[in-house]
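Enquirer: Below is the file my_file-v5.txt, which contains compact mmCIF, C-alpha atoms and all ligand atoms.
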# COMPACT_ATOMS: atom_id res chain seq x y z
CA MET A 1 -96.61 -33.17 1.07
CA ARG A 2 -97.18 -30.34 -1.40
CA HIS A 3 -93.54 -30.19 -2.40
CA GLY A 4 -92.69 -33.78 -1.54
CA ARG A 5 -91.90 -32.51 1.93
CA CYS A 6 -91.91 -34.93 4.87
CA THR A 7 -93.98 -34.00 7.88
CA ASP A 8 -91.86 -35.62 10.57
CA SER A 9 -89.45 -33.33 12.38
CA VAL A 10 -85.73 -33.24 11.81
CA SER A 11 -83.81 -34.09 14.95
CA ALA A 12 -80.28 -33.32 16.08
CA VAL A 13 -78.06 -34.62 18.82
CA PHE A 14 -77.70 -30.98 19.84
CA ASP A 15 -80.66 -28.70 20.43
CA VAL A 16 -80.94 -26.50 17.34
CA THR A 17 -83.25 -24.04 19.10
CA VAL A 18 -80.64 -23.49 21.80
CA VAL A 19 -77.85 -23.21 19.22
CA ARG A 20 -79.87 -20.65 17.24
CA SER A 21 -80.58 -18.58 20.33
CA GLY A 22 -76.82 -18.04 20.65
CA TYR A 23 -76.77 -16.18 17.30
CA PRO A 24 -78.20 -12.65 17.65
CA ALA A 25 -78.46 -12.10 13.88
CA LEU A 26 -80.75 -15.10 13.40
CA SER A 27 -83.59 -13.34 15.20
CA ASP A 28 -84.02 -10.74 12.45
CA GLY A 29 -86.68 -12.73 10.60
CA PHE A 30 -84.52 -13.82 7.67
CA ALA A 31 -83.84 -17.43 6.74
CA TYR A 32 -80.05 -17.49 6.41
CA LEU A 33 -79.40 -20.02 3.66
CA ASP A 34 -76.27 -18.16 2.56
CA GLY A 35 -73.88 -19.85 5.00
CA ALA A 36 -71.68 -21.16 2.18
CA ALA A 37 -70.71 -17.55 1.51
CA GLY A 38 -70.24 -16.78 5.19
CA THR A 39 -72.00 -17.75 8.40
CA GLN A 40 -73.45 -15.59 11.15
CA MET A 41 -71.56 -15.25 14.43
CA PRO A 42 -72.68 -16.42 17.86
CA GLN A 43 -72.61 -13.98 20.77
CA VAL A 44 -69.64 -15.84 22.33
CA VAL A 45 -67.53 -15.01 19.28
CA ILE A 46 -68.70 -11.39 19.17
CA ASP A 47 -67.86 -11.08 22.90
CA ALA A 48 -64.43 -12.68 22.48
CA ILE A 49 -63.55 -10.11 19.80
CA ALA A 50 -64.94 -7.17 21.77
CA ASP A 51 -63.17 -8.33 24.95
CA VAL A 52 -59.80 -8.06 23.24
CA TYR A 53 -60.35 -4.36 22.69
CA ARG A 54 -62.00 -3.89 26.09
CA THR A 55 -59.03 -5.48 27.86
CA GLY A 56 -56.30 -3.77 25.88
CA ILE A 57 -54.14 -5.22 23.14
CA GLY A 58 -50.65 -4.55 21.82
CA ASN A 59 -48.61 -5.87 18.93
CA VAL A 60 -46.82 -9.18 19.44
CA GLY A 61 -43.33 -9.60 20.88
CA GLY A 62 -43.33 -6.75 23.43
CA ALA A 63 -42.31 -6.70 27.07
CA PHE A 64 -45.67 -5.53 28.48
CA PRO A 65 -48.86 -7.47 29.29
CA ALA A 66 -51.03 -6.14 26.45
CA SER A 67 -48.43 -7.38 23.98
CA GLN A 68 -48.13 -10.72 25.75
CA ARG A 69 -51.91 -11.06 25.46
CA ALA A 70 -51.49 -10.78 21.68
CA ASP A 71 -48.78 -13.48 21.75
CA GLY A 72 -51.18 -15.68 23.73
CA ILE A 73 -54.06 -15.11 21.31
CA VAL A 74 -51.92 -16.10 18.31
CA ALA A 75 -50.71 -19.27 20.05
CA GLU A 76 -54.29 -20.12 21.10
CA ALA A 77 -55.55 -19.58 17.54
CA ARG A 78 -52.95 -22.01 16.20
CA ARG A 79 -53.98 -24.60 18.81
CA ALA A 80 -57.68 -24.10 18.06
CA ILE A 81 -57.29 -24.53 14.28
CA ALA A 82 -55.04 -27.54 14.84
CA ASP A 83 -57.76 -29.11 17.01
CA LEU A 84 -60.42 -28.34 14.43
CA VAL A 85 -58.67 -30.06 11.54
CA GLY A 86 -56.36 -32.51 13.33
CA GLY A 87 -53.06 -30.72 12.67
CA ASP A 88 -49.92 -29.55 14.43
CA PRO A 89 -50.24 -26.03 15.94
CA GLY A 90 -46.63 -25.40 14.81
CA GLY A 91 -47.77 -25.82 11.21
CA VAL A 92 -50.80 -23.49 11.33
CA VAL A 93 -50.22 -20.46 9.11
CA LEU A 94 -52.69 -17.68 9.90
CA GLY A 95 -53.77 -14.99 7.46
CA PRO A 96 -56.59 -12.80 6.24
CA ASN A 97 -58.31 -15.43 4.09
CA MET A 98 -57.72 -18.61 2.10
CA THR A 99 -57.14 -16.87 -1.24
CA THR A 100 -54.31 -14.70 0.07
CA LEU A 101 -52.67 -17.64 1.83
CA THR A 102 -52.98 -19.89 -1.21
CA TYR A 103 -51.30 -17.29 -3.42
CA ARG A 104 -48.53 -17.05 -0.83
CA LEU A 105 -48.05 -20.82 -0.62
CA ALA A 106 -48.26 -21.27 -4.41
CA TYR A 107 -45.58 -18.64 -4.88
CA ALA A 108 -43.29 -20.26 -2.30
CA LEU A 109 -43.82 -23.78 -3.67
CA ALA A 110 -43.34 -22.72 -7.29
CA ARG A 111 -39.85 -21.43 -6.54
CA GLY A 112 -38.77 -25.05 -6.75
CA TRP A 113 -40.61 -25.84 -10.00
CA ARG A 114 -38.83 -26.20 -13.33
CA PRO A 115 -40.08 -26.30 -16.94
CA GLY A 116 -41.57 -29.73 -17.51
CA ASP A 117 -42.84 -30.05 -13.95
CA GLU A 118 -46.58 -30.58 -13.67
CA VAL A 119 -49.45 -29.18 -11.66
CA VAL A 120 -52.86 -30.87 -11.37
CA VAL A 121 -55.94 -28.72 -10.70
CA SER A 122 -59.62 -29.61 -10.89
CA ARG A 123 -62.69 -28.14 -12.56
CA LEU A 124 -64.69 -28.80 -9.39
CA ASP A 125 -62.71 -26.27 -7.38
CA HIS A 126 -63.40 -22.72 -6.29
CA ASP A 127 -61.14 -20.48 -8.37
CA ALA A 128 -59.01 -19.73 -5.29
CA ASN A 129 -57.63 -23.27 -5.54
CA VAL A 130 -57.14 -23.04 -9.30
CA ARG A 131 -55.88 -19.66 -10.47
CA PRO A 132 -52.98 -19.28 -7.97
CA TRP A 133 -51.60 -22.63 -9.22
CA LEU A 134 -52.14 -21.78 -12.90
CA GLN A 135 -50.37 -18.46 -12.52
CA ALA A 136 -47.51 -20.01 -10.52
CA ALA A 137 -47.18 -22.73 -13.19
CA GLU A 138 -47.08 -20.15 -15.96
CA ARG A 139 -44.27 -18.23 -14.26
CA SER A 140 -42.16 -21.35 -13.75
CA GLY A 141 -42.88 -23.07 -17.06
CA ALA A 142 -44.75 -25.97 -15.41
CA THR A 143 -47.49 -27.79 -17.33
CA VAL A 144 -51.08 -27.69 -16.08
CA LYS A 145 -53.29 -30.80 -16.12
CA TRP A 146 -57.01 -30.79 -15.38
CA ALA A 147 -59.10 -33.25 -13.39
CA GLU A 148 -62.58 -33.23 -14.93
CA VAL A 149 -66.02 -33.24 -13.34
CA GLU A 150 -68.81 -35.51 -14.51
CA PRO A 151 -71.42 -32.85 -15.43
CA ALA A 152 -74.50 -35.03 -14.84
CA THR A 153 -73.51 -36.04 -11.32
CA GLY A 154 -70.99 -33.45 -10.21
CA GLU A 155 -68.57 -36.23 -9.23
CA LEU A 156 -64.80 -35.78 -9.46
CA ALA A 157 -63.60 -39.34 -10.04
CA ALA A 158 -60.47 -40.16 -8.03
CA GLU A 159 -59.36 -42.78 -10.60
CA GLN A 160 -58.58 -40.12 -13.21
CA TYR A 161 -55.65 -39.01 -11.03
CA LEU A 162 -53.92 -42.31 -11.87
CA GLU A 163 -53.52 -40.90 -15.39
CA LEU A 164 -52.93 -37.30 -14.36
CA VAL A 165 -50.19 -37.76 -11.75
CA THR A 166 -46.69 -38.57 -13.01
CA ASP A 167 -43.25 -38.42 -11.48
CA ARG A 168 -43.10 -34.78 -12.71
CA THR A 169 -46.20 -33.72 -10.73
CA ARG A 170 -45.29 -31.22 -8.03
CA ILE A 171 -48.72 -30.35 -6.64
CA VAL A 172 -52.27 -31.69 -6.81
CA ALA A 173 -54.77 -28.99 -5.79
CA VAL A 174 -58.23 -30.29 -4.96
CA SER A 175 -61.27 -29.31 -2.96
CA ALA A 176 -62.55 -31.31 0.01
CA ALA A 177 -66.02 -30.10 -1.00
CA SER A 178 -67.43 -28.00 -3.83
CA ASN A 179 -68.86 -24.70 -2.63
CA VAL A 180 -71.80 -24.94 -5.07
CA LEU A 181 -72.58 -28.62 -5.70
CA GLY A 182 -71.37 -29.80 -2.30
CA THR A 183 -69.52 -32.73 -3.96
CA ARG A 184 -67.02 -34.30 -1.58
CA PRO A 185 -64.35 -36.02 -3.71
CA ASP A 186 -62.44 -38.98 -2.31
CA VAL A 187 -59.52 -36.82 -1.18
CA ALA A 188 -57.80 -39.69 0.66
CA ALA A 189 -57.67 -41.73 -2.58
CA ILE A 190 -56.43 -38.72 -4.55
CA ALA A 191 -53.75 -38.08 -1.89
CA ARG A 192 -52.56 -41.70 -2.11
CA ILE A 193 -52.13 -41.32 -5.87
CA ALA A 194 -50.37 -37.96 -5.47
CA HIS A 195 -48.00 -39.35 -2.86
CA ALA A 196 -47.23 -42.45 -4.93
CA GLY A 197 -45.98 -40.03 -7.59
CA ASN A 198 -44.09 -37.94 -5.00
CA ALA A 199 -46.41 -34.96 -5.44
CA LEU A 200 -47.83 -32.82 -2.65
CA ILE A 201 -51.57 -32.31 -2.23
CA TYR A 202 -53.12 -28.95 -1.38
CA VAL A 203 -56.65 -29.42 -0.09
CA ASP A 204 -59.17 -26.58 -0.13
CA GLY A 205 -61.20 -27.19 3.01
CA VAL A 206 -62.96 -23.83 3.05
CA HIS A 207 -66.39 -25.25 2.24
CA ALA A 208 -65.88 -28.69 3.79
CA THR A 209 -64.75 -27.63 7.28
CA ALA A 210 -68.17 -26.25 8.21
CA HIS A 211 -69.97 -29.47 7.34
CA GLY A 212 -68.34 -32.30 9.26
CA PRO A 213 -65.32 -33.50 11.21
CA VAL A 214 -61.93 -32.97 9.56
CA ASP A 215 -58.85 -35.16 9.93
CA THR A 216 -56.04 -33.88 7.74
CA ALA A 217 -53.85 -36.89 8.54
CA ALA A 218 -56.59 -39.37 7.57
CA ILE A 219 -57.20 -37.66 4.22
CA GLY A 220 -53.46 -37.31 3.59
CA ALA A 221 -53.52 -33.53 3.06
CA ASP A 222 -50.07 -31.96 2.91
CA PHE A 223 -51.73 -28.56 3.06
CA TYR A 224 -55.27 -27.92 4.28
CA ALA A 225 -56.83 -24.48 3.88
CA THR A 226 -59.80 -23.19 5.83
CA SER A 227 -61.54 -19.87 6.55
CA SER A 228 -63.23 -19.21 9.86
CA TYR A 229 -66.01 -17.01 8.49
CA LYS A 230 -67.55 -20.19 7.00
CA TRP A 231 -67.85 -21.78 10.45
CA SER A 232 -69.22 -19.08 12.74
CA GLY A 233 -65.96 -17.16 13.13
CA PRO A 234 -64.62 -13.86 11.83
CA HIS A 235 -62.93 -13.18 8.50
CA ALA A 236 -59.63 -15.01 9.02
CA GLY A 237 -58.01 -17.89 7.15
CA ALA A 238 -55.47 -20.59 7.88
CA VAL A 239 -53.38 -23.14 6.04
CA VAL A 240 -52.28 -26.18 8.02
CA ALA A 241 -49.22 -28.24 7.08
CA ALA A 242 -46.47 -30.22 8.78
CA PRO A 243 -43.91 -27.78 10.24
CA GLU A 244 -41.08 -29.68 8.46
CA LEU A 245 -42.80 -29.14 5.13
CA LEU A 246 -43.13 -25.40 5.77
CA ASP A 247 -39.52 -25.34 6.90
CA ALA A 248 -38.45 -26.47 3.45
CA LEU A 249 -40.18 -23.47 1.82
CA GLN A 250 -39.00 -19.90 1.66
CA PRO A 251 -41.69 -17.29 0.99
CA ASP A 252 -40.87 -13.66 0.23
CA LYS A 253 -40.60 -11.83 3.54
CA LEU A 254 -39.17 -8.75 5.18
CA ALA A 255 -35.56 -8.92 6.42
CA SER A 256 -36.73 -7.79 9.85
CA SER A 257 -39.67 -10.20 10.31
CA PRO A 258 -39.28 -13.63 11.99
CA ASP A 259 -37.82 -16.38 9.82
CA THR A 260 -39.34 -19.10 11.99
CA VAL A 261 -42.15 -21.46 10.94
CA PRO A 262 -45.05 -20.77 10.67
CA GLU A 263 -44.41 -17.03 11.29
CA ARG A 264 -42.39 -16.49 8.14
CA PHE A 265 -45.50 -17.13 6.03
CA GLU A 266 -47.45 -14.43 7.90
CA THR A 267 -46.85 -10.98 6.45
CA GLY A 268 -47.54 -7.85 8.46
CA THR A 269 -49.53 -7.46 11.65
CA SER A 270 -52.26 -10.00 12.34
CA ALA A 271 -55.87 -9.21 13.25
CA PHE A 272 -55.44 -10.22 16.90
CA ALA A 273 -59.01 -9.56 17.98
CA ASP A 274 -60.33 -11.64 15.10
CA LEU A 275 -57.97 -14.45 16.08
CA ALA A 276 -59.54 -14.41 19.54
CA GLY A 277 -62.84 -14.79 17.68
CA VAL A 278 -61.42 -17.79 15.78
CA VAL A 279 -60.64 -19.48 19.10
CA ALA A 280 -64.14 -18.75 20.40
CA ALA A 281 -65.68 -20.10 17.17
CA VAL A 282 -63.76 -23.37 17.50
CA ASP A 283 -64.82 -23.63 21.16
CA HIS A 284 -68.41 -22.93 20.08
CA LEU A 285 -68.33 -25.72 17.49
CA ALA A 286 -66.84 -28.06 20.11
CA SER A 287 -69.79 -27.41 22.41
CA LEU A 288 -72.84 -27.46 20.14
CA ASP A 289 -73.96 -30.18 22.54
CA PRO A 290 -73.02 -28.84 25.99
CA ALA A 291 -73.15 -32.38 27.42
CA LEU A 292 -70.08 -33.43 25.44
CA SER A 293 -66.90 -34.01 27.43
CA GLY A 294 -63.27 -34.85 26.71
CA SER A 295 -60.54 -32.95 24.89
CA ARG A 296 -61.54 -30.16 22.55
CA ARG A 297 -60.46 -32.29 19.58
CA ALA A 298 -62.67 -35.18 20.75
CA ARG A 299 -65.62 -32.83 21.32
CA LEU A 300 -65.10 -31.26 17.89
CA ILE A 301 -65.23 -34.64 16.20
CA ALA A 302 -68.42 -35.58 18.06
CA SER A 303 -70.00 -32.15 17.54
CA MET A 304 -69.21 -31.90 13.83
CA THR A 305 -70.31 -35.50 13.24
CA ALA A 306 -73.65 -34.60 14.83
CA ALA A 307 -73.83 -31.37 12.81
CA GLU A 308 -73.23 -33.30 9.59
CA ALA A 309 -75.96 -35.82 10.40
CA TYR A 310 -78.38 -33.03 11.25
CA GLU A 311 -77.59 -31.02 8.11
CA GLN A 312 -77.94 -34.12 5.94
CA GLU A 313 -81.37 -34.94 7.36
CA LEU A 314 -82.52 -31.38 6.80
CA PHE A 315 -80.95 -31.40 3.34
CA HIS A 316 -83.10 -34.38 2.30
CA ARG A 317 -86.14 -32.28 3.07
CA LEU A 318 -84.73 -29.41 1.01
CA ILE A 319 -83.55 -31.42 -1.96
CA ASP A 320 -86.63 -33.68 -2.07
CA GLY A 321 -88.80 -30.57 -1.97
CA LEU A 322 -86.93 -28.91 -4.85
CA ALA A 323 -86.76 -32.14 -6.88
CA ALA A 324 -90.55 -32.45 -6.68
CA MET A 325 -91.02 -29.10 -8.44
CA SER A 326 -91.12 -29.48 -12.22
CA HIS A 327 -90.00 -25.86 -12.75
CA VAL A 328 -86.72 -26.46 -10.87
CA THR A 329 -83.48 -27.81 -12.37
CA LEU A 330 -81.06 -29.18 -9.77
CA TYR A 331 -77.32 -29.50 -10.39
CA GLY A 332 -75.16 -32.22 -8.89
CA LYS A 333 -76.05 -35.46 -7.22
CA ALA A 334 -72.74 -36.72 -5.90
CA ARG A 335 -72.82 -39.73 -3.57
CA ARG A 336 -71.08 -37.75 -0.85
CA ARG A 337 -71.96 -34.10 -0.63
CA THR A 338 -72.48 -31.29 1.81
CA ALA A 339 -75.95 -29.85 2.40
CA THR A 340 -75.62 -27.40 -0.46
CA ALA A 341 -78.23 -27.08 -3.24
CA TYR A 342 -77.57 -25.42 -6.60
CA PHE A 343 -80.55 -24.92 -8.87
CA ASN A 344 -82.34 -22.89 -11.50
CA VAL A 345 -86.00 -21.99 -11.88
CA ALA A 346 -87.63 -22.15 -15.33
CA GLY A 347 -88.21 -18.76 -16.89
CA ARG A 348 -86.27 -16.87 -14.20
CA THR A 349 -82.70 -15.65 -13.98
CA PRO A 350 -80.80 -16.68 -10.84
CA LEU A 351 -80.74 -13.01 -9.81
CA ASP A 352 -84.50 -12.75 -10.19
CA VAL A 353 -84.97 -15.85 -8.03
CA ALA A 354 -82.63 -14.48 -5.35
CA GLU A 355 -84.48 -11.15 -5.39
CA GLN A 356 -87.90 -12.81 -5.13
CA LEU A 357 -86.66 -14.92 -2.22
CA ALA A 358 -85.05 -11.89 -0.55
CA ALA A 359 -88.47 -10.19 -0.69
CA ARG A 360 -89.72 -13.14 1.38
CA ARG A 361 -86.75 -12.73 3.75
CA VAL A 362 -84.94 -15.79 2.49
CA ASN A 363 -81.20 -15.28 1.86
CA VAL A 364 -79.70 -17.26 -1.02
CA TRP A 365 -76.83 -16.59 -3.40
CA ASN A 366 -77.03 -16.27 -7.13
CA GLY A 367 -74.16 -16.58 -9.59
CA HIS A 368 -71.01 -18.61 -10.13
CA ASN A 369 -69.83 -18.14 -6.53
CA TYR A 370 -66.27 -18.32 -7.92
CA ALA A 371 -66.83 -21.93 -9.04
CA TRP A 372 -65.63 -20.53 -12.34
CA GLU A 373 -64.54 -23.67 -14.17
CA LEU A 374 -67.46 -25.72 -12.84
CA THR A 375 -70.15 -23.29 -13.97
CA GLY A 376 -68.41 -23.36 -17.36
CA VAL A 377 -68.58 -27.18 -17.43
CA LEU A 378 -72.26 -27.04 -16.49
CA GLY A 379 -72.84 -24.58 -19.34
CA ILE A 380 -74.58 -22.01 -17.12
CA ARG A 381 -71.91 -19.40 -16.45
CA GLU A 382 -72.92 -17.07 -19.28
CA SER A 383 -76.57 -17.08 -18.25
CA GLY A 384 -75.95 -16.08 -14.65
CA SER A 385 -75.13 -19.59 -13.37
CA ALA A 386 -77.62 -20.69 -10.68
CA VAL A 387 -79.03 -20.16 -7.20
CA ARG A 388 -77.29 -21.61 -4.16
CA ALA A 389 -79.07 -22.46 -0.92
CA GLY A 390 -76.86 -24.05 1.71
CA LEU A 391 -77.46 -25.38 5.19
CA VAL A 392 -75.24 -25.14 8.23
CA HIS A 393 -75.74 -26.38 11.79
CA TYR A 394 -77.94 -23.43 12.80
CA ASN A 395 -80.51 -23.75 10.01
CA ASP A 396 -83.85 -25.35 10.81
CA GLN A 397 -86.94 -26.75 9.17
CA SER A 398 -88.61 -23.40 8.99
CA ASP A 399 -85.68 -22.02 6.93
CA VAL A 400 -86.06 -24.92 4.51
CA ASP A 401 -89.83 -24.66 4.31
CA ARG A 402 -89.69 -20.95 3.65
CA LEU A 403 -87.29 -21.57 0.78
CA LEU A 404 -89.53 -24.29 -0.64
CA ASP A 405 -92.62 -22.08 -0.37
CA GLY A 406 -90.76 -19.23 -2.05
CA VAL A 407 -89.54 -21.38 -4.95
CA ALA A 408 -92.96 -23.04 -5.32
CA ALA A 409 -94.48 -19.57 -5.72
CA LEU A 410 -92.22 -18.99 -8.75
CA ALA A 411 -93.88 -21.75 -10.78
CA PRO A 412 -94.83 -20.41 -14.22
C1 LIG A 501 -64.52 -23.70 -1.45
C2 LIG A 501 -63.94 -22.33 -1.27
N1 LIG A 501 -62.63 -22.17 -1.46
C3 LIG A 501 -62.05 -20.97 -1.31
C4 LIG A 501 -62.78 -19.86 -0.97
C5 LIG A 501 -62.07 -18.56 -0.80
O1 LIG A 501 -61.93 -18.32 0.57
P1 LIG A 501 -61.51 -16.92 1.14
O2 LIG A 501 -62.69 -16.02 1.04
O3 LIG A 501 -61.14 -17.21 2.56
O4 LIG A 501 -60.36 -16.44 0.35
C6 LIG A 501 -64.16 -19.97 -0.78
C7 LIG A 501 -64.97 -18.79 -0.47
O5 LIG A 501 -66.12 -18.71 -0.75
C8 LIG A 501 -64.75 -21.26 -0.93
O6 LIG A 501 -66.05 -21.43 -0.74
Could I get this structure in the form of structure tokens?

Expert:
Amino acid sequence: MRHGRCTDSVSAVFDVTVVRSGYPALSDGFAYLDGAAGTQMPQVVIDAIADVYRTGIGNVGGAFPASQRADGIVAEARRAIADLVGGDPGGVVLGPNMTTLTYRLAYALARGWRPGDEVVVSRLDHDANVRPWLQAAERSGATVKWAEVEPATGELAAEQYLELVTDRTRIVAVSAASNVLGTRPDVAAIARIAHAGNALIYVDGVHATAHGPVDTAAIGADFYATSSYKWSGPHAGAVVAAPELLDALQPDKLASSPDTVPERFETGTSAFADLAGVVAAVDHLASLDPALSGSRRARLIASMTAAEAYEQELFHRLIDGLAAMSHVTLYGKARRRTATAYFNVAGRTPLDVAEQLAARRVNVWNGHNYAWELTGVLGIRESGSAVRAGLVHYNDQSDVDRLLDGVAALAP
């Protein structure tokens, strides 16, 4: 119990050793605690991507089989994302990443904004769910209002939205989970307040999706953004909305490209092979426990519920271990949070800590991680912010213990 560490083993409904063996990169001797910045890929996803090129692929909309395979991949990717988050495949907009898609949606939405309209953003959010809205508001003359974070806890109180949302509010942009503190705000409560004021809610699910089951209808998200490279897939993003809602929006597009929904939000040629990888990643998440049966959506809910429970158990070991070290300052202690730790070590810069840990083959991130406003609120942005160590379903006790040993060795 040197670092307040428990000695009993952390168990999962699925077999973590088997899951890990599916990820070739995890055998390189590094502890991958950098999942919040991007996960590793299982062999099934790598194979799905390679198979697309092996089999032959064309652009969409052609008369020949290789083109029809591309059409099939796109349709399958929409179905897979819809299953993952509980949406309608006809409302799944695919794109290169969340940031690009959010800029695109913000631009389309802001076409209907007028001076005096209002936009509500939060200081908890990754900048990709802040700056696109601020810039769209500035262009249209809309007023920006800020939801504040409680610095000591990292909570984003839902009640403040009762004051922030008015009948002039057009959009409430909020994160389903902070990518540094892990805070999971009460998005359902915030959505109820937004909808009572006739506003739409744009939920950044990029960090949250990897850490538990998602039900966009239950949380009341009008738009839900996610990126597959955070949940074992390739670098591809998606925004999910009701098709009727997308139908009411007109993004900038080429005269010659489809004007249908969701296609009209997708500029240029898609990364078809990567979309095949997205499908494989969703299938992989749905079968973390191979004994699960039922529809893919049902298996995803069971699988991700188990993954969340496993991560949380492992996270206790991590956070208790760090909290027991007097030379460590931990940020955030929200009631509901993902398995994501953000901390500083006395007398060390975050970069120094990350370098020392890298020398021990432990991967962690240092810096603001684009949580720009939040690191400002915490008063750490100018000094290099902090170190982030995050868990996903493939991390194990040895990853956590190696981090704890590495941080313990940095005691002054
Ligand atoms: C919470 C959160 N939102 C948004 C983003 C941006 O996502 P993307 O890289 O897909 O643009 C990230 C990426 O780290 C994130 O963690």

Enquirer: Using only C-alpha atoms and all ligand atoms, which residues of the polymer chains come no farther than 6 Å from ligand LIG 501 (chain A)? I'd like the answer as a ChimeraX atom specification.

Expert: /A:37,97-99,126,128,178-179,204,206-207,227,237

Enquirer: Hey, can you check how far CA of Lys145 in chain A sits from CA of Ala238 in chain A?

Expert: 26.2 Å

Enquirer: Could you check which of A:Val345, A:Ala339, A:Ala408, A:Leu378 is closest to Ala36 in chain A, using only C-alpha atoms?

Expert: A:Ala339

Enquirer: Find the residues around range 15-26 of chain A up to 8 Å (all atoms listed in the file counted), leave out those fewer than 3 positions away in its own chain, and share them as a list in words.

Expert: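 My reading of the contact set: Ala12, Gly29, Phe30, Ala31, Tyr32, Gln40, Met41, Pro42, Gln43, Val44, Leu288, Asp289, His393, Tyr394, Asn395 and Asp396 of chain A.
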
Enquirer: Counting all atoms listed in the file, what are the residues of range 275-320 of chain A within 12 Å of range 69-74 of chain A, and for each of them which pair of atoms is the nearest and at what distance in Å, to one decimal? Sort the table by chain and rising number, as a tab-separated table.

Expert:
residue	atom	partner	partner_atom	distance
A:Leu275	CA	A:Ile73	CA	6.6
A:Ala276	CA	A:Ile73	CA	5.8
A:Gly277	CA	A:Ile73	CA	9.5
A:Val278	CA	A:Ile73	CA	9.6
A:Val279	CA	A:Ile73	CA	8.2
A:Ala280	CA	A:Ile73	CA	10.8

Enquirer: Closest to Ser256 in chain A among A:Gly38, A:Gly268, A:Gly406, A:Gly390, using all atoms listed in the file?

Expert: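 Of all the options, A:Gly268 lies closest to Ser256 in chain A.
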
Enquirer: I'd like to know which of A:Asn363, A:Tyr310, A:Gly116, A:Val85 is closest to Val240 in chain A, using all atoms listed in the file.

Expert: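 Checking each of A:Asn363, A:Tyr310, A:Gly116, A:Val85 against Val240 in chain A, counting all atoms listed in the file, the winner is A:Val85.
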
Enquirer: Do you know which residues are at most 8 Å from Tyr161 in chain A counting all atoms listed in the file, after dropping those on the same chain fewer than 5 positions away, and could you put them as a list in words?

Expert: Ala147, Ile190, Ile193 and Ala194 of chain A

Enquirer: How many Å separate CA of His327 in chain A from CA of Val407 in chain A?

Expert: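 Calculated distance between CA of His327 in chain A and CA of Val407 in chain A is 9.0 Å.
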
Enquirer: Could you work out how far CA of Val261 in chain A lies from CA of Arg78 in chain A, giving the answer in Å with one decimal?

Expert: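 Answer for the CA of Arg78 in chain A to CA of Val261 in chain A separation: 12.0 Å.
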
Enquirer: I'd like the contact shell of Asp274 in chain A - 8 Å cut-off, all atoms listed in the file, skipping same-chain residues fewer than 5 positions apart - returned as an mmCIF file with C-alpha atoms, keeping the file's coordinate frame.

Expert:
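Output file out07.cif is given in full below:
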data_model
loop_
_atom_site.group_PDB
_atom_site.id
_atom_site.type_symbol
_atom_site.label_atom_id
_atom_site.label_comp_id
_atom_site.auth_asym_id
_atom_site.auth_seq_id
_atom_site.Cartn_x
_atom_site.Cartn_y
_atom_site.Cartn_z
ATOM 1 C CA ILE A 49 -63.550 -10.110 19.800
ATOM 2 C CA PRO A 234 -64.620 -13.860 11.830
ATOM 3 C CA HIS A 235 -62.930 -13.180 8.500
ATOM 4 C CA ALA A 236 -59.630 -15.010 9.020
#

Enquirer: Counting only C-alpha atoms, select every polymer residue within 10 Å of (-45.3, -31.5, -14.4) as defined in the file's coordinates, and provide the selection as a VMD selection string.

Expert: chain A and resid 113 to 120 137 141 to 145 164 to 171 199

Enquirer: Please return, as a PyMOL selection string, all polymer residues that have at least one atom within 12 Å of the point (-85.1, -29.2, -9.5); use only C-alpha atoms and the file's own coordinate frame.

Expert: chain A and resi 3-4+318-333+341-346+386-387+404+407-408+411

Enquirer: For Gly182 in chain A, please output as a list in words all residues within 6 Å (counting only C-alpha atoms; exclusion window: fewer than 2 positions along the same chain).

Expert: Ala177, Ser178, Asn179, Val180, Arg337, Thr338 and Thr340 of chain A

Enquirer: Write to file, as an mmCIF file, keeping the file's coordinate frame, the residues of the selection just made, with C-alpha atoms.

Expert:
data_model
loop_
_atom_site.group_PDB
_atom_site.id
_atom_site.type_symbol
_atom_site.label_atom_id
_atom_site.label_comp_id
_atom_site.auth_asym_id
_atom_site.auth_seq_id
_atom_site.Cartn_x
_atom_site.Cartn_y
_atom_site.Cartn_z
ATOM 1 C CA ALA A 177 -66.020 -30.100 -1.000
ATOM 2 C CA SER A 178 -67.430 -28.000 -3.830
ATOM 3 C CA ASN A 179 -68.860 -24.700 -2.630
ATOM 4 C CA VAL A 180 -71.800 -24.940 -5.070
ATOM 5 C CA ARG A 337 -71.960 -34.100 -0.630
ATOM 6 C CA THR A 338 -72.480 -31.290 1.810
ATOM 7 C CA THR A 340 -75.620 -27.400 -0.460
#
